[in-house]
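Asker: I have a structure I would like to understand better, so I am pasting it below and will then ask my questions one at a time.
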Amino acid sequence: MKNIVKGAEPDKLITYRENSPQGTWDNCKNNKNRRKEIQQQLLNDQGGVCAYCEIDLKAGQVVEKADFRVEHFHPKSDGTTAHNWHLDWGNLLACCNGGSQRDVVDAENRFSSPDHSCDIPKNNEDWTGEIINPLELPVSPCIFQYVRHTGEVNIHAKHCAEAGIDVTLAQKTIDKLRLDSERLKRLRKPVLNKVNDELRGMVAQGLTLEAAQEKLAQAYFCKNTHQGRWPSFFSAIRNYLGGAAENQLVAINYIG
């Protein structure tokens, strides 16, 4: 999970909410143009990666479904308050299907039922205060760390302390969203191995380790060279490249 900064609320969502203050998300998304505008802004805000696991969100093909869904962090079905969570821009996130869809694009890698993650185990539960909201994560430091040869994710206790985030809350975020599921470990591992291979290749060609790390950080962490998208498993790559990644993110004025 990485931090997210919300961009401007889509005009069509504002208009719909003004005209239908008690409208539902299902009715809102029934308008194709409105749905596309909302989805595109979510993708822009998140750099094209899932709000929870950071896999790249893929568009659908002719037969296959997109590996993309709109998630409501606070359950939209909550009837305990008068607030309409369905249409609250600050409550909307872009997520993958969490391994739950057999006919999703790239299903041979992404379908893993019942090994689900992200908003699938969350379902309609209100986990406010029980897991971290990616909108409330600090820009730095990265509170999660990753193991290259297994793809595992765990807590960086020192960084949690620096960020003022309780380690128990951080661990619950991993556990409840199943961010360390077998599916996600299997998908993260080759990404980290690729970065490692690139690093080793550059060193073999004569670059110092520090220079190679810097060069890779510049290549991976520059949205302008990737059609406005961050790399899949952003935080895992960030963690692996260490100080070079942090320096690059500072250099590009990274905020989310």
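For the structure tokens, the naming scheme is as follows: chains receive sequential letters (A, B, ...) according to their order of presentation, residues are indexed from 1 within each chain, and ligands are indexed from 1 in presentation order.
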Pull the alpha helix (DSSP H) assignments for stretch 23-173 of chain A out of DSSP run on the backbone, and list those residues as an MDAnalysis selection string.
Answerer: chainID A and resid 25:29 32:46 107:110 119:122 157:163 167:173
Asker: To test your reading of the structure, identify every residue in stretch 30-109 of chain A that backbone DSSP assigns to strand (DSSP E), and report it as number ranges by chain.
Answerer: A: 69-72, 92-95
Asker: From the set A:Thr208, A:Thr24, A:Ser232, A:Asn247, which residue has the shortest atom-to-atom contact distance to A:Asp88, counting only C-alpha atoms?
Answerer: A:Thr24
Asker: Quick one: residues within 8 Å of A:Met1, only C-alpha atoms counted, chain neighbours fewer than 5 positions away excluded, as a list in words?
Answerer: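 The contact residues come out as Ala51, Tyr52, Cys53, Glu54, Pro134, Phe144 and Ser235 of chain A.
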Asker: Quick one: of A:Leu169, A:Leu92, A:Val5, A:Ala59, who's nearest to A:Phe73, counting only C-alpha atoms?
Answerer: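 Smallest separation from A:Phe73 among the options: A:Leu92.
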Asker: Can you work out which one of A:Lys12, A:Lys2, A:Lys215, A:Lys185 has the shortest atom-to-atom distance to A:Glu198, counting only C-alpha atoms?
Answerer: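 Smallest separation from A:Glu198 among the options: A:Lys215.
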